[in-house]
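*Asks:* data_31.tsv is reproduced in full below (TSV, C-alpha atoms (C1' of nucleotides)).
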```
chain	number	residue	atom	x	y	z
W	1	MET	CA	-71.50	-124.83	-13.85
W	2	SER	CA	-71.76	-122.46	-16.80
W	3	ARG	CA	-68.24	-122.07	-18.04
W	4	ALA	CA	-66.88	-120.20	-21.02
W	5	ARG	CA	-66.69	-122.80	-23.76
W	6	GLY	CA	-66.79	-123.06	-27.54
W	7	THR	CA	-64.42	-121.79	-30.20
W	8	ALA	CA	-62.37	-118.70	-29.66
W	9	ALA	CA	-64.34	-116.80	-32.29
W	10	GLU	CA	-67.66	-117.75	-30.70
W	11	ASN	CA	-66.54	-116.71	-27.28
W	12	LEU	CA	-65.21	-113.44	-28.56
W	13	SER	CA	-68.47	-112.47	-30.17
W	14	LYS	CA	-70.18	-113.33	-26.91
W	15	ALA	CA	-67.62	-111.37	-24.96
W	16	ALA	CA	-68.12	-108.08	-26.76
W	17	PRO	CA	-71.46	-107.17	-25.13
W	18	LEU	CA	-70.11	-108.11	-21.73
W	19	PHE	CA	-67.08	-105.91	-22.15
W	20	ALA	CA	-69.29	-103.13	-23.41
W	21	ALA	CA	-71.41	-103.44	-20.29
W	22	LEU	CA	-68.31	-103.07	-18.15
W	23	GLY	CA	-66.85	-100.34	-20.34
W	24	ASP	CA	-68.48	-97.50	-18.47
W	25	ALA	CA	-67.08	-95.93	-15.33
W	26	THR	CA	-70.44	-95.65	-13.60
W	27	ARG	CA	-71.38	-99.24	-14.31
W	28	LEU	CA	-67.99	-100.52	-13.30
W	29	GLY	CA	-68.43	-98.56	-10.11
W	30	ILE	CA	-71.76	-100.23	-9.49
W	31	VAL	CA	-70.25	-103.66	-9.98
W	32	THR	CA	-67.40	-102.79	-7.66
W	33	ARG	CA	-69.83	-101.54	-5.08
W	34	LEU	CA	-71.92	-104.68	-5.30
W	35	CYS	CA	-68.70	-106.61	-4.89
W	36	ALA	CA	-67.59	-104.71	-1.85
W	37	ALA	CA	-70.83	-104.11	0.01
W	38	GLY	CA	-73.06	-106.90	-1.24
W	39	PRO	CA	-76.68	-106.70	-2.45
W	40	GLN	CA	-78.14	-103.22	-2.20
W	41	SER	CA	-81.17	-101.17	-3.05
W	42	ILE	CA	-81.13	-98.52	-5.77
W	43	VAL	CA	-81.06	-95.55	-3.46
W	44	ARG	CA	-78.18	-97.05	-1.57
W	45	LEU	CA	-76.33	-97.64	-4.81
W	46	THR	CA	-77.05	-94.07	-5.82
W	47	ASP	CA	-75.87	-92.61	-2.55
W	48	GLY	CA	-72.42	-91.07	-2.83
W	49	THR	CA	-72.68	-91.02	-6.60
W	50	LYS	CA	-72.79	-87.86	-8.66
W	51	VAL	CA	-75.60	-89.00	-10.89
W	52	SER	CA	-79.32	-89.30	-10.35
W	53	ARG	CA	-81.19	-92.35	-9.18
W	54	GLN	CA	-82.68	-92.76	-12.63
W	55	ALA	CA	-79.24	-92.89	-14.16
W	56	ILE	CA	-78.28	-95.68	-11.79
W	57	THR	CA	-81.48	-97.49	-12.64
W	58	LYS	CA	-80.65	-97.32	-16.33
W	59	HIS	CA	-77.18	-98.66	-15.74
W	60	LEU	CA	-78.56	-101.47	-13.63
W	61	ARG	CA	-80.86	-102.40	-16.50
W	62	ALA	CA	-77.89	-102.43	-18.84
W	63	LEU	CA	-75.93	-104.65	-16.49
W	64	ALA	CA	-78.94	-106.91	-16.11
W	65	GLN	CA	-79.31	-107.22	-19.86
W	66	ALA	CA	-75.71	-108.34	-20.00
W	67	GLY	CA	-76.57	-110.85	-17.33
W	68	LEU	CA	-74.14	-109.41	-14.83
W	69	VAL	CA	-76.65	-108.51	-12.14
W	70	HIS	CA	-80.16	-109.47	-11.20
W	71	SER	CA	-82.76	-108.01	-8.89
W	72	THR	CA	-85.52	-109.10	-6.55
W	73	ARG	CA	-88.35	-107.05	-5.17
W	74	ASP	CA	-88.50	-106.67	-1.43
W	75	GLY	CA	-91.36	-104.54	-0.18
W	76	ARG	CA	-90.95	-101.08	-1.61
W	77	GLU	CA	-87.30	-101.73	-2.38
W	78	ARG	CA	-85.63	-103.55	-5.20
W	79	ILE	CA	-82.45	-105.34	-4.24
W	80	TRP	CA	-79.73	-105.80	-6.82
W	81	GLN	CA	-76.96	-108.33	-6.63
W	82	LEU	CA	-74.23	-109.79	-8.76
W	83	GLN	CA	-74.89	-112.72	-11.04
W	84	THR	CA	-71.83	-114.63	-9.98
W	85	LYS	CA	-72.03	-117.22	-12.73
W	86	ARG	CA	-71.89	-114.62	-15.47
W	87	LEU	CA	-69.03	-112.93	-13.70
W	88	ALA	CA	-67.19	-116.21	-13.87
W	89	ASP	CA	-67.84	-116.28	-17.61
W	90	VAL	CA	-66.29	-112.86	-17.95
W	91	ARG	CA	-63.26	-114.10	-16.10
W	92	GLY	CA	-63.06	-116.96	-18.56
W	93	TYR	CA	-63.15	-114.61	-21.54
W	94	LEU	CA	-60.51	-112.41	-20.00
W	95	GLU	CA	-58.25	-115.35	-19.41
W	96	GLN	CA	-58.77	-116.49	-22.97
W	97	ILE	CA	-57.82	-113.14	-24.36
W	98	SER	CA	-54.89	-112.88	-22.01
W	99	SER	CA	-53.51	-116.18	-23.19
W	100	GLN	CA	-54.01	-115.10	-26.79
W	101	TRP	CA	-52.08	-111.97	-26.01
W	102	ASP	CA	-49.33	-113.95	-24.42
W	103	ASP	CA	-48.96	-116.04	-27.54
W	104	ALA	CA	-48.99	-112.97	-29.74
W	105	ILE	CA	-46.43	-111.21	-27.56
W	106	GLU	CA	-44.15	-114.20	-27.72
W	107	ARG	CA	-44.43	-114.46	-31.48
W	108	LEU	CA	-43.88	-110.72	-31.85
W	109	ARG	CA	-40.82	-110.83	-29.65
W	110	ALA	CA	-39.35	-113.67	-31.66
W	111	PHE	CA	-40.20	-111.89	-34.88
W	112	VAL	CA	-38.54	-108.68	-33.80
W	113	GLU	CA	-35.45	-110.52	-32.61
W	114	HIS	CA	-35.14	-112.20	-35.95
W	115	GLU	CA	-35.77	-109.02	-37.86
W	116	GLU	CA	-33.58	-106.68	-35.82
W	117	ARG	CA	-30.33	-106.19	-37.73
A	1	MET	CA	-40.55	-102.93	-16.81
A	2	SER	CA	-43.85	-101.11	-16.81
A	3	ARG	CA	-46.10	-103.12	-14.53
A	4	ALA	CA	-49.61	-102.60	-13.28
A	5	ARG	CA	-49.44	-100.90	-9.93
A	6	GLY	CA	-51.39	-98.45	-7.81
A	7	THR	CA	-54.53	-98.70	-5.71
A	8	ALA	CA	-57.46	-100.84	-6.66
A	9	ALA	CA	-59.55	-97.75	-7.28
A	10	GLU	CA	-56.97	-96.35	-9.65
A	11	ASN	CA	-56.86	-99.53	-11.64
A	12	LEU	CA	-60.62	-99.58	-11.71
A	13	SER	CA	-60.82	-96.19	-13.33
A	14	LYS	CA	-58.17	-97.25	-15.78
A	15	ALA	CA	-60.02	-100.43	-16.61
A	16	ALA	CA	-63.24	-98.83	-17.80
A	17	PRO	CA	-61.78	-97.38	-21.04
A	18	LEU	CA	-60.10	-100.70	-21.72
A	19	PHE	CA	-63.35	-102.59	-21.41
A	20	ALA	CA	-64.98	-99.99	-23.61
A	21	ALA	CA	-62.27	-100.44	-26.23
A	22	LEU	CA	-62.82	-104.19	-26.23
A	23	GLY	CA	-66.58	-103.86	-26.00
A	24	ASP	CA	-67.16	-103.67	-29.71
A	25	ALA	CA	-67.37	-106.70	-31.98
A	26	THR	CA	-65.43	-105.10	-34.80
A	27	ARG	CA	-62.61	-103.95	-32.54
A	28	LEU	CA	-62.48	-107.26	-30.74
A	29	GLY	CA	-62.18	-108.87	-34.16
A	30	ILE	CA	-59.31	-106.58	-35.03
A	31	VAL	CA	-57.28	-107.43	-31.96
A	32	THR	CA	-58.00	-111.10	-32.48
A	33	ARG	CA	-56.79	-110.78	-36.02
A	34	LEU	CA	-53.66	-108.98	-34.93
A	35	CYS	CA	-53.11	-111.72	-32.39
A	36	ALA	CA	-53.53	-114.51	-34.89
A	37	ALA	CA	-51.94	-113.11	-38.03
A	38	GLY	CA	-49.48	-110.59	-36.65
A	39	PRO	CA	-48.87	-107.00	-37.78
A	40	GLN	CA	-50.92	-106.01	-40.79
A	41	SER	CA	-51.80	-103.09	-43.01
A	42	ILE	CA	-55.21	-101.45	-42.94
A	43	VAL	CA	-56.44	-102.94	-46.20
A	44	ARG	CA	-55.45	-106.37	-45.04
A	45	LEU	CA	-57.27	-105.84	-41.78
A	46	THR	CA	-60.28	-104.64	-43.71
A	47	ASP	CA	-60.28	-107.60	-46.08
A	48	GLY	CA	-62.94	-110.13	-45.22
A	49	THR	CA	-64.74	-107.58	-43.07
A	50	LYS	CA	-68.17	-106.22	-43.84
A	51	VAL	CA	-67.30	-102.65	-43.10
A	52	SER	CA	-65.33	-100.04	-45.01
A	53	ARG	CA	-61.66	-99.29	-44.70
A	54	GLN	CA	-62.46	-96.00	-43.04
A	55	ALA	CA	-64.45	-97.77	-40.36
A	56	ILE	CA	-61.49	-100.02	-39.62
A	57	THR	CA	-59.25	-96.98	-39.48
A	58	LYS	CA	-61.52	-95.37	-36.92
A	59	HIS	CA	-61.54	-98.47	-34.78
A	60	LEU	CA	-57.78	-98.70	-34.98
A	61	ARG	CA	-57.57	-95.15	-33.71
A	62	ALA	CA	-59.84	-96.06	-30.82
A	63	LEU	CA	-57.70	-99.06	-29.96
A	64	ALA	CA	-54.59	-96.93	-30.18
A	65	GLN	CA	-56.08	-94.37	-27.83
A	66	ALA	CA	-56.68	-97.16	-25.35
A	67	GLY	CA	-53.05	-98.11	-25.80
A	68	LEU	CA	-53.79	-101.56	-27.14
A	69	VAL	CA	-52.25	-101.15	-30.58
A	70	HIS	CA	-49.76	-98.89	-32.28
A	71	SER	CA	-48.76	-98.26	-35.87
A	72	THR	CA	-45.71	-97.50	-37.96
A	73	ARG	CA	-45.53	-96.14	-41.44
A	74	ASP	CA	-43.90	-98.33	-44.08
A	75	GLY	CA	-43.84	-96.86	-47.53
A	76	ARG	CA	-47.36	-96.34	-48.66
A	77	GLU	CA	-48.67	-98.67	-46.00
A	78	ARG	CA	-49.32	-98.25	-42.31
A	79	ILE	CA	-48.66	-101.35	-40.28
A	80	TRP	CA	-50.62	-101.91	-37.10
A	81	GLN	CA	-49.56	-104.21	-34.33
A	82	LEU	CA	-50.34	-105.00	-30.73
A	83	GLN	CA	-48.74	-102.77	-28.12
A	84	THR	CA	-47.12	-105.58	-26.22
A	85	LYS	CA	-45.77	-103.44	-23.42
A	86	ARG	CA	-49.15	-101.95	-22.62
A	87	LEU	CA	-50.76	-105.34	-22.97
A	88	ALA	CA	-48.90	-106.53	-19.90
A	89	ASP	CA	-50.28	-103.61	-17.92
A	90	VAL	CA	-53.76	-104.33	-19.15
A	91	ARG	CA	-53.45	-107.93	-18.06
A	92	GLY	CA	-52.53	-106.63	-14.64
A	93	TYR	CA	-55.60	-104.40	-14.32
A	94	LEU	CA	-57.94	-107.09	-15.49
A	95	GLU	CA	-56.47	-109.71	-13.22
A	96	GLN	CA	-56.81	-107.40	-10.26
A	97	ILE	CA	-60.46	-106.83	-11.04
A	98	SER	CA	-61.01	-110.52	-11.54
A	99	SER	CA	-59.58	-111.27	-8.14
A	100	GLN	CA	-61.88	-108.67	-6.59
A	101	TRP	CA	-64.77	-110.48	-8.20
A	102	ASP	CA	-63.57	-113.77	-6.87
A	103	ASP	CA	-63.68	-112.47	-3.35
A	104	ALA	CA	-67.18	-111.11	-3.86
A	105	ILE	CA	-68.38	-114.34	-5.39
A	106	GLU	CA	-67.04	-116.29	-2.47
A	107	ARG	CA	-68.70	-114.00	0.04
A	108	LEU	CA	-71.98	-114.12	-1.85
A	109	ARG	CA	-71.90	-117.88	-1.99
A	110	ALA	CA	-71.36	-118.10	1.72
A	111	PHE	CA	-74.10	-115.55	2.34
A	112	VAL	CA	-76.62	-117.42	0.24
A	113	GLU	CA	-75.79	-120.71	1.87
A	114	HIS	CA	-76.29	-119.22	5.28
A	115	GLU	CA	-79.52	-117.49	4.29
A	116	GLU	CA	-81.13	-120.35	2.40
A	117	ARG	CA	-83.77	-121.88	4.71
O	1	DC	C1'	-104.86	-91.84	8.06
O	2	DG	C1'	-101.33	-89.06	6.15
O	3	DA	C1'	-96.65	-88.21	4.97
O	4	DA	C1'	-92.54	-89.76	3.25
O	5	DA	C1'	-89.61	-93.26	1.21
O	6	DG	C1'	-88.52	-96.07	-2.71
O	7	DC	C1'	-89.28	-96.95	-7.10
O	8	DG	C1'	-91.13	-97.16	-12.24
O	9	DC	C1'	-92.42	-94.79	-16.45
O	10	DA	C1'	-91.92	-91.47	-19.97
O	11	DA	C1'	-90.31	-87.53	-22.27
O	12	DC	C1'	-86.62	-85.03	-23.49
O	13	DC	C1'	-81.71	-83.39	-24.49
O	14	DC	C1'	-77.29	-83.81	-26.39
O	15	DG	C1'	-73.02	-85.51	-27.42
O	16	DG	C1'	-70.50	-89.42	-28.98
O	17	DT	C1'	-69.98	-93.30	-32.04
O	18	DG	C1'	-70.22	-96.53	-35.78
O	19	DG	C1'	-70.67	-96.10	-40.37
O	20	DT	C1'	-70.54	-94.14	-45.12
O	21	DT	C1'	-68.97	-91.34	-49.16
O	22	DG	C1'	-66.02	-88.23	-51.61
O	23	DC	C1'	-61.68	-86.42	-52.62
O	24	DG	C1'	-56.81	-85.45	-52.28
O	25	DT	C1'	-51.90	-87.16	-51.47
O	26	DT	C1'	-48.12	-90.15	-51.56
O	27	DT	C1'	-45.98	-94.31	-52.93
O	28	DT	C1'	-45.51	-98.30	-55.78
O	29	DA	C1'	-45.47	-100.80	-60.08
O	30	DT	C1'	-45.56	-101.28	-65.08
H	1	DA	C1'	-44.71	-91.18	-67.00
H	2	DT	C1'	-48.93	-92.85	-65.81
H	3	DA	C1'	-52.05	-95.87	-63.47
H	4	DA	C1'	-53.19	-98.03	-59.46
H	5	DA	C1'	-52.60	-99.02	-54.63
H	6	DA	C1'	-52.75	-97.50	-49.89
H	7	DC	C1'	-53.84	-94.19	-47.11
H	8	DG	C1'	-55.51	-89.52	-44.66
H	9	DC	C1'	-58.87	-85.90	-44.12
H	10	DA	C1'	-63.34	-84.17	-43.78
H	11	DA	C1'	-68.18	-83.95	-44.13
H	12	DC	C1'	-72.16	-86.10	-43.26
H	13	DC	C1'	-75.80	-89.18	-41.19
H	14	DA	C1'	-78.45	-92.10	-38.03
H	15	DC	C1'	-78.68	-93.86	-33.94
H	16	DC	C1'	-77.68	-95.09	-29.34
H	17	DG	C1'	-76.30	-93.99	-24.74
H	18	DG	C1'	-75.69	-91.33	-20.63
H	19	DG	C1'	-78.05	-88.08	-18.22
H	20	DT	C1'	-81.91	-85.19	-16.45
H	21	DT	C1'	-86.64	-83.84	-14.98
H	22	DG	C1'	-91.37	-84.55	-13.89
H	23	DC	C1'	-94.98	-87.34	-12.37
H	24	DG	C1'	-97.50	-91.20	-10.48
H	25	DC	C1'	-97.75	-95.57	-7.92
H	26	DT	C1'	-97.01	-98.67	-4.01
H	27	DT	C1'	-95.17	-99.53	0.48
H	28	DT	C1'	-93.67	-98.25	5.00
H	29	DC	C1'	-93.85	-95.63	9.22
H	30	DG	C1'	-95.46	-92.65	12.92
```
Show how you would write the structure in this file as structure tokens.
*Replies:*
Amino acid sequence: MSRARGTAAENLSKAAPLFAALGDATRLGIVTRLCAAGPQSIVRLTDGTKVSRQAITKHLRALAQAGLVHSTRDGRERIWQLQTKRLADVRGYLEQISSQWDDAIERLRAFVEHEER
Amino acid sequence: MSRARGTAAENLSKAAPLFAALGDATRLGIVTRLCAAGPQSIVRLTDGTKVSRQAITKHLRALAQAGLVHSTRDGRERIWQLQTKRLADVRGYLEQISSQWDDAIERLRAFVEHEER
DNA sequence: CGAAAGCGCAACCCGGTGGTTGCGTTTTAT
DNA sequence: ATAAAACGCAACCACCGGGTTGCGCTTTCG
């Protein structure tokens, strides 16, 4: 299974594009939708949204470039679905950062306690 | 304590700006640096970087707007540090999203297994 | 067969963003 | 007191990114 490995610095540089891909409300909405309702066509993904079909298409391309989704042609439709492995990678990065934060928070707390008065 | 609460949709909309804030290599480097080396001045954060001090300043502002860092004046220096309180909230949002993904991944896996042949 | 559905391509617009440079202000150090 | 350090402000630039519109192509359906 493709897990998040390597040094912290390596992973972080890899994580930036992924975070950027998720750092847009529309795209995050698409991912959420794919999570909730499973693989869908473009029109279906567009439905209920306030942007055009072309906008959704662009965002899907962006997500695909980040490896988060992938599509298959089916007749006159194109079905998009989550790339679960990559999503797992993202989780890995998030956990890494979270643990880093935890360490930093702990150190900061100790530092402040020592400093205070 | 300020914890991450609210509906999933609410947290989703809150998460997008956070991802965006972390979705830049330079900014991600800054938070990593603040994690590893603790509170620092701007020049010190700039040192070793390939961008100008002003660029770092801008990124720090962006991170501050996302609530990830915060600064205090100290003489002629301005010291930036992680916003530990907010960081806990952020962890909450991200974990919630991660768990949503987990569910989706599980469902997708089952779906594929059922579909395949 | 003909109409409509679903999509891809391309042009275009515009605002934000990452980055720089220049200059002024305050604080520190000698 | 004067020089240098650290910073803030502002202007400027290039580029990308989110969004739209228009058009043409293939596939489905009646």
*Asks:* What separation in Å, quoted to one decimal, exists between CA of Ser52 in chain W and CA of Gln83 in chain W?
*Replies:*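 Computing it gives 23.8 Å between the two atoms.
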*Asks:* Would you list which chain O residues are within 9 Å of chain A using only C-alpha atoms (C1' of nucleotides), as a list in words?
*Replies:*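 The complete set of qualifying residues is DG18, DG19, DT20, DT26, DT27 and DT28 of chain O.
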*Asks:* After least-squares alignment of chain W to chain A over all Cα atoms in order, what RMSD do you get?
*Replies:*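 Answer to one decimal place: 0.8 Å.
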*Asks:* Write down, as a PDB file with C-alpha atoms, in the frame of the given file, each residue of chain W that has any atom within 8 Å of an atom of chain A, counting all atoms listed in the file.
*Replies:*
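selection18.pdb, freshly written:
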```pdb
ATOM      1  CA  LEU W  12     -65.210-113.440 -28.560  1.00  0.00           C
ATOM      2  CA  SER W  13     -68.470-112.470 -30.170  1.00  0.00           C
ATOM      3  CA  ALA W  15     -67.620-111.370 -24.960  1.00  0.00           C
ATOM      4  CA  ALA W  16     -68.120-108.080 -26.760  1.00  0.00           C
ATOM      5  CA  PRO W  17     -71.460-107.170 -25.130  1.00  0.00           C
ATOM      6  CA  LEU W  18     -70.110-108.110 -21.730  1.00  0.00           C
ATOM      7  CA  PHE W  19     -67.080-105.910 -22.150  1.00  0.00           C
ATOM      8  CA  ALA W  20     -69.290-103.130 -23.410  1.00  0.00           C
ATOM      9  CA  ALA W  21     -71.410-103.440 -20.290  1.00  0.00           C
ATOM     10  CA  LEU W  22     -68.310-103.070 -18.150  1.00  0.00           C
ATOM     11  CA  GLY W  23     -66.850-100.340 -20.340  1.00  0.00           C
ATOM     12  CA  ASP W  24     -68.480 -97.500 -18.470  1.00  0.00           C
ATOM     13  CA  ALA W  25     -67.080 -95.930 -15.330  1.00  0.00           C
ATOM     14  CA  LEU W  28     -67.990-100.520 -13.300  1.00  0.00           C
ATOM     15  CA  CYS W  35     -68.700-106.610  -4.890  1.00  0.00           C
ATOM     16  CA  ALA W  36     -67.590-104.710  -1.850  1.00  0.00           C
ATOM     17  CA  GLY W  38     -73.060-106.900  -1.240  1.00  0.00           C
ATOM     18  CA  THR W  84     -71.830-114.630  -9.980  1.00  0.00           C
ATOM     19  CA  LEU W  87     -69.030-112.930 -13.700  1.00  0.00           C
ATOM     20  CA  ARG W  91     -63.260-114.100 -16.100  1.00  0.00           C
ATOM     21  CA  LEU W  94     -60.510-112.410 -20.000  1.00  0.00           C
ATOM     22  CA  SER W  98     -54.890-112.880 -22.010  1.00  0.00           C
ATOM     23  CA  GLN W 100     -54.010-115.100 -26.790  1.00  0.00           C
ATOM     24  CA  TRP W 101     -52.080-111.970 -26.010  1.00  0.00           C
ATOM     25  CA  ASP W 103     -48.960-116.040 -27.540  1.00  0.00           C
ATOM     26  CA  ALA W 104     -48.990-112.970 -29.740  1.00  0.00           C
ATOM     27  CA  ILE W 105     -46.430-111.210 -27.560  1.00  0.00           C
ATOM     28  CA  LEU W 108     -43.880-110.720 -31.850  1.00  0.00           C
TER      29      LEU W 108
END
```
*Asks:* From the set A:Ile30, A:Leu60, A:Val43, A:Leu68, which residue has the shortest atom-to-atom contact distance to chain H, counting only C-alpha atoms (C1' of nucleotides)?
*Replies:* A:Val43
*Asks:* Please, which residues are within 12 Å of (-66.0, -87.9, -30.4) by the file's coordinates, counting all atoms listed in the file, and could they come as a list in words?
*Replies:*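 Within the cut-off we find Lys58, Arg61 and Ala62 of chain A; DG15, DG16, DT17 and DG18 of chain O.
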*Asks:* Write down, as a PyMOL selection string, each residue of chain H that has any atom within 12 Å of an atom of chain A, counting only C-alpha atoms (C1' of nucleotides).
*Replies:* chain H and resi 5-10
